[in-house]
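Reviewing the structure listed below.
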Amino acid sequence: MPADLAVIGLGHLGLPLAQAAVAAGIETVGYDTGPATDSSLTAAEIRRMSAAGFRVATDPAELGRVRTAVICAPTTLGADRTPDLSAVGEAARALAARLRPHTTVVLESPAYPGATEDYLRPILEAGSRLRAGRDFHLAYSPSRHDPGNRTHALANTPKVIGGLTPACTESAAAFYARLTDKVVRARGLREAETVHLLETTYRHVNIALVNEMAVFCHDLGVDLWDVIRCAETKPYGFQAFRPGPGVGGHGVAVDPGHLPLPTRTPGPPLRMAGLAQEVNGRMPHYVVQRCTTLLNEHGKSARGARILLLGVTYKPDLADQEGAPAREIASRLLDLGALISYHDPYVAGWRVRDRPVPKADSLYEAAANADLTILLQHHRTYDLQGLAVKAQLLLDTRGATPAGSAHRL
């Protein structure tokens with residue numbers, strides 16, 4: 001059966017989009033070019049989608065029977081820190097071979113400015129022998145999906161659209177108007193792509209600022225968490241961000257200095273973006289430094305110390321581990337000879353350096369037996385007041401414990 005919409009890439013972006021489309025009464029088919037990736041949706045939610053008509057296509061021929069195709073393939077930074085769009089390319093080739101005239105194709109995957117026109121467009125045109133902007137519509141829309149956010153969903157979050165031509169923009173806007181209360185039209189593809197770059201960089205820069213403040217305040221003996229509590233009472237000109245052991249998530253923080261050569265500007269790159277990555281990238285090392293100092297202050301060495309890591313996901317109350325700093329922190333502790341274990345109600349098994357890490361069954365018992373417990377992620381199920389009493393030594397990297405009950409970052 002034909003569908004109105006094909007969502008290509010059924011991971012943390014694709015499945016929530018498909019869920020919203022199904023809820024809006026849009027006939028939706030899902031297709032994935034690779035193994036399914038982590039999603040914030042529960043099995044029950046996916047079953048409800050299926051009951052409402054959502055289906056996963058195994059035959060790529062079904063991609064040629066839709067009016068709109070949205071590519072939500074994952075993108076990451078490669079070893080050289082350039083954005084890896086290989087999954088987007090695979091999705092585009094699967095679609096291009098079946099692309100029909102008048103179809104609207106939208107890219108939602110994180111991408112650098114110019115990627116839709118310079119990378120995606122040639123693949124679609126070569127595989128379909130159709131011309132973007134003339135035979136089919138091509139647009140970019142940065143995903144603003146925030147896993148676990150119970151306040152802002154797709155329906156009440158404005159959707160930015162930028163097309164190759166004004167007609168492309170209007171075609172994509174007409175589709176998204178069925179899903180969201182407000183559509184915002186960008187001037188073009190690159191403007192829409194740069195919206196993603198600005199929003200992601202804004203997050204990383206502000207987290208880097210408070211991460212540096214955390215180190216600064218610790219050295220001064222100042223309670224940063226109290227400083228933030230007071231500062232956020234200012235009704236204008238300030239938005240509260242909070243420090244942590246690192247920055248995780250799926251939003252690719254693109255450093256313009258590592259963009260593909262045709263995309264680089266002749267002037268200096270966004271130095272703030274690069275600096276923010278540098279600052280945030282140092283946080284796992286700083287956390288381990290604090291651990292060794294705390295152990296030393298209590299007459300213990302990191303070598304042979306039993307260290308319990310609490311919460312190894314990148315966001316609270318989710319199973320998603322994308323970019324979570326826990327793995328690097330664990331790896332650094334292993335280098336020091338520590339004996340690590342972990343507890344996370346959302347992660348059944350966890351590996352570091354391809355070796356399984358022991359999982360603690362009883363949280364309080366494990367904390368009581370550990371020389372040091374490190375709170376890396378504040379899941380709602382954690383009773384932090386009780387944990388602070390049971391733990392021999394507790395380092396709270398999230399500022400979630402009551403003041404004075406633990407050592408805070």
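In the structure tokens, the first chain shown is A, the next is B, and so on; residue numbers restart at 1 for each chain, and ligands run from 1 in the order shown.
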
Requested in this report: Identify, with DSSP run on backbone atoms, the residues in segment 157-330 of chain A assigned to alpha helix (DSSP H), and express the list as a count of residues only.
Outcome: 83

Requested in this report: Could you please write out, as JSON, numbers by chain, every residue of segment 122-335 of chain A that DSSP assigns to strand (DSSP E)?
Outcome: {"A": [137, 138, 139, 140, 159, 160, 161, 162, 163, 183, 184, 185, 306, 307, 308, 309, 310]}

Residue contacts of Cys217 of chain A (12 Å, only C-alpha atoms) excluding same-chain residues fewer than 6 positions away, as a short mmCIF file (atom, residue, chain, number, x, y, z; two decimals) with all heavy atoms, in the first residue's frame:
data_model
loop_
_atom_site.label_atom_id
_atom_site.label_comp_id
_atom_site.auth_asym_id
_atom_site.auth_seq_id
_atom_site.Cartn_x
_atom_site.Cartn_y
_atom_site.Cartn_z
N VAL A 210 30.16 27.11 31.76
CA VAL A 210 29.92 26.69 33.14
C VAL A 210 30.89 25.59 33.57
O VAL A 210 31.20 25.47 34.76
CB VAL A 210 28.45 26.26 33.37
CG1 VAL A 210 27.53 27.45 33.28
CG2 VAL A 210 28.02 25.18 32.40
N ASN A 211 31.38 24.79 32.62
CA ASN A 211 32.40 23.80 32.98
C ASN A 211 33.68 24.49 33.44
O ASN A 211 34.32 24.08 34.41
CB ASN A 211 32.69 22.88 31.80
CG ASN A 211 31.68 21.74 31.69
OD1 ASN A 211 31.01 21.40 32.66
ND2 ASN A 211 31.55 21.16 30.51
N ASP A 223 30.81 27.78 45.93
CA ASP A 223 29.78 26.83 45.54
C ASP A 223 29.13 27.31 44.24
O ASP A 223 28.24 28.18 44.25
CB ASP A 223 28.73 26.71 46.65
CG ASP A 223 27.68 25.64 46.36
OD1 ASP A 223 27.61 25.16 45.21
OD2 ASP A 223 26.92 25.29 47.29
N LEU A 224 29.56 26.75 43.13
CA LEU A 224 29.03 27.17 41.82
C LEU A 224 27.53 26.93 41.72
O LEU A 224 26.81 27.73 41.11
CB LEU A 224 29.75 26.44 40.69
CG LEU A 224 29.16 26.62 39.29
CD1 LEU A 224 29.27 28.08 38.85
CD2 LEU A 224 29.83 25.72 38.28
N TRP A 225 27.04 25.85 42.29
CA TRP A 225 25.63 25.52 42.17
C TRP A 225 24.78 26.59 42.84
O TRP A 225 23.69 26.91 42.36
CB TRP A 225 25.37 24.14 42.77
CG TRP A 225 26.27 23.12 42.14
CD1 TRP A 225 27.47 22.68 42.63
CD2 TRP A 225 26.10 22.49 40.87
NE1 TRP A 225 28.04 21.79 41.74
CE2 TRP A 225 27.21 21.65 40.66
CE3 TRP A 225 25.10 22.54 39.90
CZ2 TRP A 225 27.36 20.87 39.52
CZ3 TRP A 225 25.24 21.77 38.76
CH2 TRP A 225 26.36 20.95 38.58
N ASP A 226 25.28 27.15 43.92
CA ASP A 226 24.56 28.25 44.56
C ASP A 226 24.64 29.51 43.71
O ASP A 226 23.68 30.29 43.63
CB ASP A 226 25.14 28.52 45.96
CG ASP A 226 24.26 29.47 46.77
OD1 ASP A 226 23.07 29.17 46.95
OD2 ASP A 226 24.77 30.53 47.20
N VAL A 227 25.79 29.70 43.06
CA VAL A 227 25.96 30.85 42.17
C VAL A 227 24.94 30.78 41.03
O VAL A 227 24.26 31.77 40.71
CB VAL A 227 27.39 30.89 41.60
CG1 VAL A 227 27.51 31.97 40.51
CG2 VAL A 227 28.41 31.15 42.71
N ILE A 228 24.79 29.60 40.44
CA ILE A 228 23.83 29.43 39.33
C ILE A 228 22.41 29.63 39.83
O ILE A 228 21.59 30.29 39.17
CB ILE A 228 24.00 28.05 38.69
CG1 ILE A 228 25.37 27.93 38.00
CG2 ILE A 228 22.88 27.79 37.66
CD1 ILE A 228 25.68 26.55 37.48
N PRO A 243 27.11 22.61 34.74
CA PRO A 243 28.30 21.83 34.35
C PRO A 243 28.05 20.34 34.49
O PRO A 243 27.04 19.90 35.03
CB PRO A 243 29.36 22.31 35.36
CG PRO A 243 28.58 22.72 36.56
CD PRO A 243 27.29 23.29 36.03
N ARG A 408 31.01 17.97 45.31
CA ARG A 408 30.39 18.31 44.03
C ARG A 408 31.43 18.87 43.08
O ARG A 408 32.43 19.46 43.48
CB ARG A 408 29.26 19.32 44.25
CG ARG A 408 28.14 18.73 45.09
CD ARG A 408 26.81 19.41 44.86
NE ARG A 408 26.68 20.68 45.54
CZ ARG A 408 25.54 21.37 45.63
NH1 ARG A 408 24.45 20.89 45.09
NH2 ARG A 408 25.50 22.53 46.25
N LEU A 409 31.17 18.67 41.78
CA LEU A 409 32.11 19.07 40.74
C LEU A 409 32.42 20.57 40.82
O LEU A 409 31.51 21.38 41.02
CB LEU A 409 31.50 18.75 39.37
CG LEU A 409 32.44 18.83 38.19
CD1 LEU A 409 33.55 17.79 38.28
CD2 LEU A 409 31.67 18.61 36.88
#

Query - Neighbour list for Arg144 of chain A as a list in words, cut-off 8 Å, only C-alpha atoms, skip fewer than 2 positions in-chain - result: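 The contact residues come out as Pro142, Asp146, Leu154, Thr157 and Lys159 of chain A.
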
Once you have the residues from the selection above, write them out as a JSON list (two decimals), in the first residue's frame, restricted to N, CA, C and O atoms.
[["chain", "number", "residue", "atom", "x", "y", "z"],
["A", 142, "PRO", "N", 16.36, 21.30, 10.28],
["A", 142, "PRO", "CA", 17.10, 20.80, 11.43],
["A", 142, "PRO", "C", 16.16, 20.18, 12.46],
["A", 142, "PRO", "O", 15.15, 20.78, 12.82],
["A", 146, "ASP", "N", 14.22, 16.60, 21.30],
["A", 146, "ASP", "CA", 14.95, 16.58, 22.57],
["A", 146, "ASP", "C", 14.50, 15.37, 23.36],
["A", 146, "ASP", "O", 13.46, 15.40, 24.02],
["A", 154, "LEU", "N", 7.35, 17.65, 18.96],
["A", 154, "LEU", "CA", 7.36, 18.18, 17.60],
["A", 154, "LEU", "C", 6.18, 19.11, 17.37],
["A", 154, "LEU", "O", 6.31, 20.15, 16.72],
["A", 157, "THR", "N", 6.88, 22.67, 18.92],
["A", 157, "THR", "CA", 8.20, 23.25, 18.69],
["A", 157, "THR", "C", 8.26, 23.77, 17.25],
["A", 157, "THR", "O", 8.05, 23.00, 16.31],
["A", 159, "LYS", "N", 9.17, 24.58, 13.57],
["A", 159, "LYS", "CA", 9.97, 23.80, 12.63],
["A", 159, "LYS", "C", 10.55, 24.72, 11.57],
["A", 159, "LYS", "O", 9.83, 25.42, 10.87]]

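Here atom CA of Leu387 of chain A is placed at a distance of 24.5 Å from atom CA of His285 of chain A.
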
Query raised in the report: Can you list, as a ChimeraX atom specification, every protein, DNA or RNA residue that comes within 12 Å of Ile340 of chain A when you count only C-alpha atoms, leaving out same-chain residues fewer than 3 positions away?
Result: /A:302-310,326-327,329-337,343,350-352,355-360,366-367,369-374

Using only C-alpha atoms, which residues sit within 9 Å of Arg185 of chain A once same-chain residues fewer than 2 positions away are excluded, as a short mmCIF file (atom, residue, chain, number, x, y, z; two decimals) with N, CA and C atoms, in the first residue's frame?
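Written output follows (result_23.cif):
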data_model
loop_
_atom_site.label_atom_id
_atom_site.label_comp_id
_atom_site.auth_asym_id
_atom_site.auth_seq_id
_atom_site.Cartn_x
_atom_site.Cartn_y
_atom_site.Cartn_z
N LYS A 159 9.17 24.58 13.57
CA LYS A 159 9.97 23.80 12.63
C LYS A 159 10.55 24.72 11.57
N VAL A 160 11.87 24.73 11.46
CA VAL A 160 12.57 25.55 10.47
C VAL A 160 12.70 24.77 9.17
N ILE A 161 12.38 25.42 8.05
CA ILE A 161 12.44 24.79 6.73
C ILE A 161 13.22 25.70 5.80
N GLY A 162 14.14 25.10 5.04
CA GLY A 162 14.82 25.84 3.99
C GLY A 162 14.92 24.98 2.75
N GLY A 163 14.46 25.47 1.60
CA GLY A 163 14.46 24.68 0.38
C GLY A 163 15.46 25.16 -0.65
N THR A 169 10.75 25.06 -0.61
CA THR A 169 10.45 25.47 0.77
C THR A 169 8.97 25.34 1.06
N GLU A 170 8.14 25.79 0.14
CA GLU A 170 6.70 25.76 0.36
C GLU A 170 6.17 24.32 0.40
N ALA A 173 7.19 22.98 3.73
CA ALA A 173 6.42 23.66 4.77
C ALA A 173 4.99 23.12 4.83
N VAL A 183 5.55 26.80 11.43
CA VAL A 183 6.63 26.54 10.48
C VAL A 183 7.36 27.85 10.22
N ARG A 187 15.70 31.39 4.53
CA ARG A 187 15.89 31.93 3.19
C ARG A 187 16.27 30.85 2.19
N GLY A 188 16.98 29.83 2.65
CA GLY A 188 17.40 28.77 1.74
C GLY A 188 17.98 27.59 2.49
N ALA A 192 19.06 27.20 6.65
CA ALA A 192 18.44 26.19 7.53
C ALA A 192 19.50 25.28 8.14
#

**Report entry** Option closest in space to Ala73 of chain A, from A:Ala208, A:Leu13, A:Ala44, A:Leu275 [counting only C-alpha atoms]
**Finding:**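 Of A:Ala208, A:Leu13, A:Ala44, A:Leu275, the one nearest Ala73 of chain A, counting only C-alpha atoms, is A:Leu13.
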
Query - Exercise: Ala111 of chain A partners within 8 Å, only C-alpha atoms, chain neighbours under 3 positions left out, as a list in words - result: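 My list of contacting residues is Thr75, Pro83, Leu85, Ala115, Thr116, Glu193, His196 and Val252 of chain A.
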
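The two atoms in question, atom CA of Gly404 of chain A and atom CA of Tyr342 of chain A, are spaced 24.0 Å apart.
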
Query raised in the report: What is the atom CA of Cys168 of chain A-atom CA of Thr82 of chain A distance in Å, reported with one decimal?
Result: 28.2 Å
